Amino acid sequence: MKRVAVIGASGFVGSTLVERLRAGPDEVVPYIHSSGNAWRLARHAIDLRPLNLLEPAQVEAALTGVTHVVNCSRGGDEVMLSGLRNLLTASRKQRVERFIHLGSVAVYGDPPSPESVHESAPTLPAPGSYGSVKLQQDRMVAQAAAEGLSAVTLCPPNISGPYSSYLTGLVDALRQRAFALMDDGSAPCSLVDVANLCVAIELALVRGPRDGSRLFITDGEVADWRSVVEHLTPLAQSNGPVATITREALADMRDGPGKQPISLMKSFKHLVSSDVRQALRKDPLWERVDGIFRRGVARMGKSVEGALRLAIEGPLANGATASKPALNARLCRQQLRGVGHSCEAARAALGYQPLYTFDESMRAFAAWYRSHHAMDSDAWPLLRQLYSS
Amino acid sequence: MPNSFRLALVGAGLITQQSHLPAALASPLAEVAAIVDPVVERARQLARAYGIAPRIASRVEEVLDTVDGAVIATPNDSHSALAITCLSAGVSTLIEKPLASSFGQGAAIVEAADKAAKVVAVGYATRFRASVRLLKQLLDDGYFGTVHRFVHQFGTAGGWAPMSGYNLDRAMAGGGVLVVTGTHFLDRMLHFWGYPDDVSLEDDSMGGPEANCTARFVYAHSGHAFEGIARYSKTVQLPAGMVIETDAGYVVLADDDDAEIVFRPRATPGIEQVIRARTAADYNPDVPVFQRQLDDFIAACCGNQAPEVDGRQGLESLRLIEQLYASRRGVDVDPYALIGERSAH
């Protein structure tokens with residue numbers, strides 16, 4: 001019997017894996033970082049063990065008697081790198097038989113090169129990006145494997161299925177009209193259902209590469225964005241068709257408002273704006289200065305006071321001039337990735353067969369979403385008032 | 001009683017750090033005289049972080065002779081013993097919600113307070129929201145017409161992680177998400193409409209604390225019958241708030257300290273009205289709810305008036321929670337099972 005430690009057990013993949021493994025013959029030891037996100041597992045009355053990956057002694061003690069490790073942990077760069085180092089060191093010390101690391105297709109960059117249909121494509125993450133941290137992790141796993149730890153790195157694209165925060169985010173964006181389909185939505189959307197990913201992890205516990213190399217785990221078919229949106233639109237309950245955007249406009253879209261040029265007039269307006277003056281008035285000296293300033297302006301008459309206010313604060317906000325909702329650039333730009341990663345290598349190395357098709361996975365997500373939001377209950381006519389607030 | 005109300009903060013965990021201590025420091029009425037925590041270093045660190053020098057102790061008994069009141073913010077199953085110790089020594093207590101982890105323990109607290117003739121207040125801070133006070137007044141006045149039904153929901157994908165981790169221990173917390181999250185609304189519901197005539201609960205507990213639940217309530221005693229539903233989740237982010245359906249329309253109140261009451265009249269779809277009080281509030285609206293709550297507690301201790309949420313009201317919440325759990329039905333649906341035949345490919 002295997003004794004499987006799941007690190008990061010309270011996360012999306014970790015929780016699903018623990019629930020699945022508990023139904024099998026092996027012993028599962030779930031390790032969590034904090035109690036806040038662990039409710040899904042706690043309801044089973046499972047013994048959840050806190051673990052700080054940044055404490056080497058704690059990590060080593062946690063792996064005592066463990067035969068297999070699945071690393072689903074996430075966190076800041078320090079946890080991702082120093083934490084993984086501690087985990088790999090402890091795994092070697094405790095003679096762990098098999099180490100499964102959850103990697104990411106993000107190591108191939110964003111957008112990835114067209115060759116990244118297969119694992120052998122060059123890795124090109126932007127410096128400082130999530131993908132670059134994941135690539136450093138992959139190298140650490142490969143190094144540990146070279147030193148004798150039997151390891152494999154499983155690389156999912158975006159993860160779908162029940163509890164998927166990725167799909168939930170898309171539903172929210174569709175509801176807020178913050179998502180637009182590029183061209184006709186024909187770009188590929190690489191997904192893996194969380195249950196399919198767990199099947200691959202379970203297989204990798206007992207077979208597959210030992211050198212830490214990467215295997216893509218996907219649903220085994222490449223869906224397009226229009227299909228994804230068609231599954232999610234009924235959940236968003238928004239009126240009208242989904243907006244469209246051209247490839248060129250999407251490529252130009254920034255993640256944020258961008259850097260603004262320096263303007264002395266703008267800076268002066270900020271300085272004398274009511275928000276800044278309100279903050280300054282908390283100091284007794286500035287309160288007096290502001291009082292003198294306001295009395296001086298008031299003496300100039302209403303028309304001068306009004307003109308000054310207009311110049312500094314701009315026109316009063318008017319509901320009738322509300323602008324179009326902003327698009328969620330991070331989500332929309334994913335349509336530029338244009339690659340459907342292949343799981344053929346995982347099929348060959350692990351005997352992996354996805355348990356659910358893309359269509360089944362999306363229907364399972366929809367069933368879960370509708371149930372958790374009570375969309376089919378007698379409460380929905382009232383609850384939906386909260387969704388339109 | 002000295003000019004400044006000498007306060008002991010019992011428990012130096014997250015809620016004390018984030019809410020009770022800042023409220024005490026901001027209150028013109030209170031002086032933080034002591035911080036008590038079994039992990040003394042945690043109490044010391046908290047005092048250092050705020051630049052104050054209260055007495056630091058590992059046991060509440062060590063500070064009772066030097067304080068006028070205590071805020072008890074510890075795991076739910078420890079409230080009873082700590083509160084009874086304070087009250088027996090003549091120290092009034094403000095107890096973080098819920099009053100205790102069981103009705104029996106809560107009743108013992110109320111009994112100890114009666115015996116000592118001291119104040120017990122329960123930390124249902126949302127009662128001090130301006131919107132909640134206004135809504136209570138409007139419902140009492142029948143401003144929105146006859147209530148037909150109501151819903152409330154609050155869901156987060158995880159979140160709040162107390163240092164002790166007691167929230168995931170059913171015995172320590174006295175339940176699951178219904179207690180940890182839902183108890184605030186149950187208190188408000190009791191405040192608005194009194195104790196319901198019938199209740200039921202569905203939840204997803206498989207032996208541990210439930211992560212999702214739906215409670216149903218029936219009111220039949222107020223001349224006309226109406227029903228309500230309350231839903232809580234620790235796995236899914238849900239738009240948080242209450243909707244009341246009346247014969248005149250929908251009353252919507254988001255679950256937020258600064259939210260305003262919105263009324264959507266049935267007669268004019270597409271139009272909504274924001275309802276505000278024109279008269280001055282009986283408190284400063286710029287003061288955070290935790291400070292209003294603390295000031296209310298201190299006023300109760302000093303002026304012999306009842307606190308906004310007293311021990312007996314806290315006890316009614318516990319009675320309702322226990323009645324809900326007694327009626328519970330387990331529901332755990334596998335979403336994959338809902339899609340029919342699976343097909344390996």
# chains A, B, ... in the order shown; residues from 1 in each chain; ligands from 1
call {"tool": "residues_around", "arguments": {"residues": "Ala236 of chain A", "least_positions_apart": "3", "cutoff": "7 Å", "atoms": "only C-alpha atoms", "output": "short mmCIF file (atom, residue, chain, number, x, y, z; two decimals) with N, CA and C atoms, in the first residue's frame"}}
result
data_model
loop_
_atom_site.label_atom_id
_atom_site.label_comp_id
_atom_site.auth_asym_id
_atom_site.auth_seq_id
_atom_site.Cartn_x
_atom_site.Cartn_y
_atom_site.Cartn_z
N VAL A 171 -17.18 33.12 -16.28
CA VAL A 171 -18.63 33.39 -16.13
C VAL A 171 -18.82 34.81 -15.61
N ASP A 172 -18.04 35.17 -14.61
CA ASP A 172 -18.15 36.54 -14.06
C ASP A 172 -17.87 37.58 -15.14
N LEU A 174 -18.21 37.24 -18.35
CA LEU A 174 -19.32 37.28 -19.31
C LEU A 174 -20.50 38.05 -18.72
N ARG A 175 -20.75 37.84 -17.42
CA ARG A 175 -21.87 38.55 -16.77
C ARG A 175 -21.62 40.05 -16.78
N LEU A 232 -20.84 28.51 -21.17
CA LEU A 232 -20.85 29.36 -19.97
C LEU A 232 -21.89 30.49 -20.02
N THR A 233 -22.28 30.89 -21.22
CA THR A 233 -23.20 32.03 -21.33
C THR A 233 -24.51 31.85 -20.55
#
call {"tool": "closest_atom_pairs", "arguments": {"of": "chain A", "to": "chain B", "cutoff": "8 Å", "atoms": "only C-alpha atoms", "output": "Markdown table"}}
result
| residue | atom | partner | partner_atom | distance |
| --- | --- | --- | --- | --- |
| A:Ser34 | CA | B:Ala161 | CA | 6.5 |
| A:Ser35 | CA | B:Ala161 | CA | 5.3 |
| A:Gly36 | CA | B:Ala161 | CA | 4.1 |
| A:Asn37 | CA | B:Gly158 | CA | 4.0 |
| A:Ala38 | CA | B:Gly158 | CA | 6.9 |
| A:Trp39 | CA | B:Ala211 | CA | 5.5 |
| A:Arg40 | CA | B:Ala211 | CA | 6.1 |
| A:Ala42 | CA | B:Gly208 | CA | 5.7 |
| A:Arg43 | CA | B:Gly208 | CA | 4.0 |
| A:His44 | CA | B:Met206 | CA | 4.6 |
| A:Ala45 | CA | B:Gly208 | CA | 4.0 |
| A:Ile46 | CA | B:Gly208 | CA | 7.6 |
| A:Pro162 | CA | B:Pro335 | CA | 7.0 |
| A:Tyr163 | CA | B:Val236 | CA | 7.7 |
| A:Gln353 | CA | B:His345 | CA | 6.4 |
| A:Pro354 | CA | B:Ala344 | CA | 6.2 |
| A:Leu355 | CA | B:Ala344 | CA | 4.9 |
| A:Tyr356 | CA | B:Ser343 | CA | 6.3 |
| A:Thr357 | CA | B:Ser343 | CA | 7.3 |
| A:Glu360 | CA | B:Ile339 | CA | 6.6 |
| A:Ser361 | CA | B:Tyr336 | CA | 7.9 |
| A:Arg363 | CA | B:Ile339 | CA | 6.4 |
| A:Ala364 | CA | B:Tyr336 | CA | 5.1 |
| A:Phe365 | CA | B:Pro335 | CA | 7.2 |
| A:Ala367 | CA | B:Pro335 | CA | 5.8 |
| A:Trp368 | CA | B:Pro335 | CA | 5.3 |
| A:His372 | CA | B:Val236 | CA | 7.2 |
| A:His373 | CA | B:Leu238 | CA | 7.2 |
| A:Ala379 | CA | B:Val151 | CA | 6.9 |
| A:Leu382 | CA | B:Val243 | CA | 6.1 |
| A:Leu383 | CA | B:Val151 | CA | 6.8 |
| A:Gln385 | CA | B:Val243 | CA | 7.1 |
| A:Leu386 | CA | B:Pro239 | CA | 6.1 |
| A:Tyr387 | CA | B:Pro239 | CA | 6.4 |
call {"tool": "closest_residue", "arguments": {"among": "B:Ala23, B:Ala220, B:Leu94, B:Leu190", "to": "Arg292 of chain B", "atoms": "only C-alpha atoms"}}
result
B:Ala23
call {"tool": "atom_distance", "arguments": {"atom1": "atom CA of Gly11 of chain A", "atom2": "atom CA of Ile159 of chain A"}}
result
12.1 Å
call {"tool": "residues_around", "arguments": {"residues": "Glu96 of chain B", "least_positions_apart": "3", "cutoff": "10 Å", "atoms": "only C-alpha atoms", "output": "JSON, numbers by chain"}}
result
{"B": [15, 16, 20, 71, 72, 73, 74, 75, 76, 79, 93, 99, 100, 121, 122, 123, 124, 125]}
call {"tool": "write_last_selection", "arguments": {"atoms": "N, CA and C atoms", "output": "JSON list (two decimals), in the first residue's frame"}}
result
[["chain", "number", "residue", "atom", "x", "y", "z"],
["B", 15, "ILE", "N", -9.15, 38.09, 14.90],
["B", 15, "ILE", "CA", -10.26, 39.04, 15.05],
["B", 15, "ILE", "C", -9.89, 40.16, 16.03],
["B", 16, "THR", "N", -9.07, 39.82, 17.03],
["B", 16, "THR", "CA", -8.60, 40.86, 17.95],
["B", 16, "THR", "C", -7.65, 41.80, 17.22],
["B", 20, "HIS", "N", -11.02, 44.07, 17.12],
["B", 20, "HIS", "CA", -11.29, 44.50, 18.50],
["B", 20, "HIS", "C", -10.24, 45.47, 19.04],
["B", 71, "VAL", "N", -13.18, 41.70, 26.51],
["B", 71, "VAL", "CA", -13.65, 41.25, 25.19],
["B", 71, "VAL", "C", -13.09, 39.85, 25.00],
["B", 72, "ILE", "N", -13.99, 38.89, 24.86],
["B", 72, "ILE", "CA", -13.55, 37.49, 24.72],
["B", 72, "ILE", "C", -13.61, 37.12, 23.23],
["B", 73, "ALA", "N", -12.44, 36.91, 22.67],
["B", 73, "ALA", "CA", -12.34, 36.59, 21.23],
["B", 73, "ALA", "C", -11.43, 35.39, 21.09],
["B", 74, "THR", "N", -11.95, 34.25, 21.48],
["B", 74, "THR", "CA", -11.19, 33.00, 21.50],
["B", 74, "THR", "C", -12.03, 31.95, 20.77],
["B", 75, "PRO", "N", -11.50, 30.73, 20.56],
["B", 75, "PRO", "CA", -12.33, 29.69, 19.94],
["B", 75, "PRO", "C", -13.67, 29.52, 20.68],
["B", 76, "ASN", "N", -14.72, 29.26, 19.90],
["B", 76, "ASN", "CA", -16.09, 29.30, 20.44],
["B", 76, "ASN", "C", -16.28, 28.42, 21.67],
["B", 79, "HIS", "N", -15.49, 30.07, 25.12],
["B", 79, "HIS", "CA", -16.19, 31.28, 25.56],
["B", 79, "HIS", "C", -16.80, 31.10, 26.95],
["B", 93, "THR", "N", -18.64, 41.25, 30.15],
["B", 93, "THR", "CA", -17.96, 40.67, 28.98],
["B", 93, "THR", "C", -18.70, 40.99, 27.69],
["B", 99, "LEU", "N", -22.31, 33.33, 21.01],
["B", 99, "LEU", "CA", -22.16, 33.42, 22.47],
["B", 99, "LEU", "C", -21.33, 32.26, 23.01],
["B", 100, "ALA", "N", -21.59, 31.06, 22.48],
["B", 100, "ALA", "CA", -20.86, 29.85, 22.93],
["B", 100, "ALA", "C", -20.99, 28.81, 21.83],
["B", 121, "ALA", "N", -22.61, 41.10, 26.49],
["B", 121, "ALA", "CA", -22.98, 41.51, 25.13],
["B", 121, "ALA", "C", -22.37, 40.50, 24.17],
["B", 122, "VAL", "N", -23.03, 40.32, 23.03],
["B", 122, "VAL", "CA", -22.53, 39.35, 22.04],
["B", 122, "VAL", "C", -22.11, 40.10, 20.78],
["B", 123, "GLY", "N", -20.96, 39.72, 20.24],
["B", 123, "GLY", "CA", -20.33, 40.47, 19.15],
["B", 123, "GLY", "C", -20.94, 40.24, 17.79],
["B", 124, "TYR", "N", -22.20, 40.54, 17.65],
["B", 124, "TYR", "CA", -22.83, 40.53, 16.32],
["B", 124, "TYR", "C", -22.68, 41.93, 15.74],
["B", 125, "ALA", "N", -21.48, 42.19, 15.23],
["B", 125, "ALA", "CA", -21.13, 43.56, 14.84],
["B", 125, "ALA", "C", -22.01, 44.11, 13.72]]
call {"tool": "select_by_dssp", "arguments": {"residues": "segment 113-258 of chain A", "states": "helix (DSSP H, G or I)", "output": "count of residues only"}}
result
61
call {"tool": "select_by_dssp", "arguments": {"residues": "segment 1-164 of chain B", "states": "strand (DSSP E or B)", "output": "VMD selection string"}}
result
chain B and resid 5 to 10 30 to 36 55 to 57 69 to 72 92 to 96 120 to 123 147 to 155
call {"tool": "closest_residue", "arguments": {"among": "A:Arg207, A:Asp219, A:Asp183, A:Leu170", "to": "Leu327 of chain A", "atoms": "only C-alpha atoms"}}
result
A:Leu170
call {"tool": "atom_distance", "arguments": {"atom1": "atom CA of Gln105 of chain B", "atom2": "atom CA of Leu9 of chain B"}}
result
20.8 Å
call {"tool": "closest_residue", "arguments": {"among": "A:Val4, A:Ile100, A:Val59, A:Ala329", "to": "Arg214 of chain A", "atoms": "only C-alpha atoms"}}
result
A:Ile100
call {"tool": "residues_around", "arguments": {"residues": "segment 69-75 of chain A", "least_positions_apart": "3", "cutoff": "8 Å", "atoms": "only C-alpha atoms", "output": "ChimeraX atom specification"}}
result
/A:4-9,11,13-14,66,78-80,91,96,98-102,201
call {"tool": "write_last_selection", "arguments": {"atoms": "C-alpha atoms", "output": "CSV table (one decimal), in the first residue's frame"}}
result
chain,number,residue,atom,x,y,z
A,4,VAL,CA,0.7,9.4,-0.6
A,5,ALA,CA,1.5,12.9,0.8
A,6,VAL,CA,-0.5,15.5,-1.1
A,7,ILE,CA,1.1,18.9,-0.6
A,8,GLY,CA,-1.2,21.8,-1.1
A,9,ALA,CA,-4.2,19.6,-0.5
A,11,GLY,CA,-6.3,23.8,-3.4
A,13,VAL,CA,-6.4,20.0,-7.7
A,14,GLY,CA,-5.3,18.9,-4.2
A,66,VAL,CA,5.7,8.7,3.0
A,78,GLU,CA,9.7,32.0,-2.1
A,79,VAL,CA,7.2,29.2,-1.5
A,80,MET,CA,7.4,28.0,-5.1
A,91,SER,CA,11.9,13.5,-0.5
A,96,VAL,CA,10.4,8.7,-1.4
A,98,ARG,CA,7.9,8.7,-6.5
A,99,PHE,CA,7.6,12.4,-6.8
A,100,ILE,CA,4.8,14.0,-8.9
A,101,HIS,CA,5.2,17.7,-9.6
A,102,LEU,CA,2.4,19.8,-11.0
A,201,ILE,CA,-1.6,11.9,-11.4
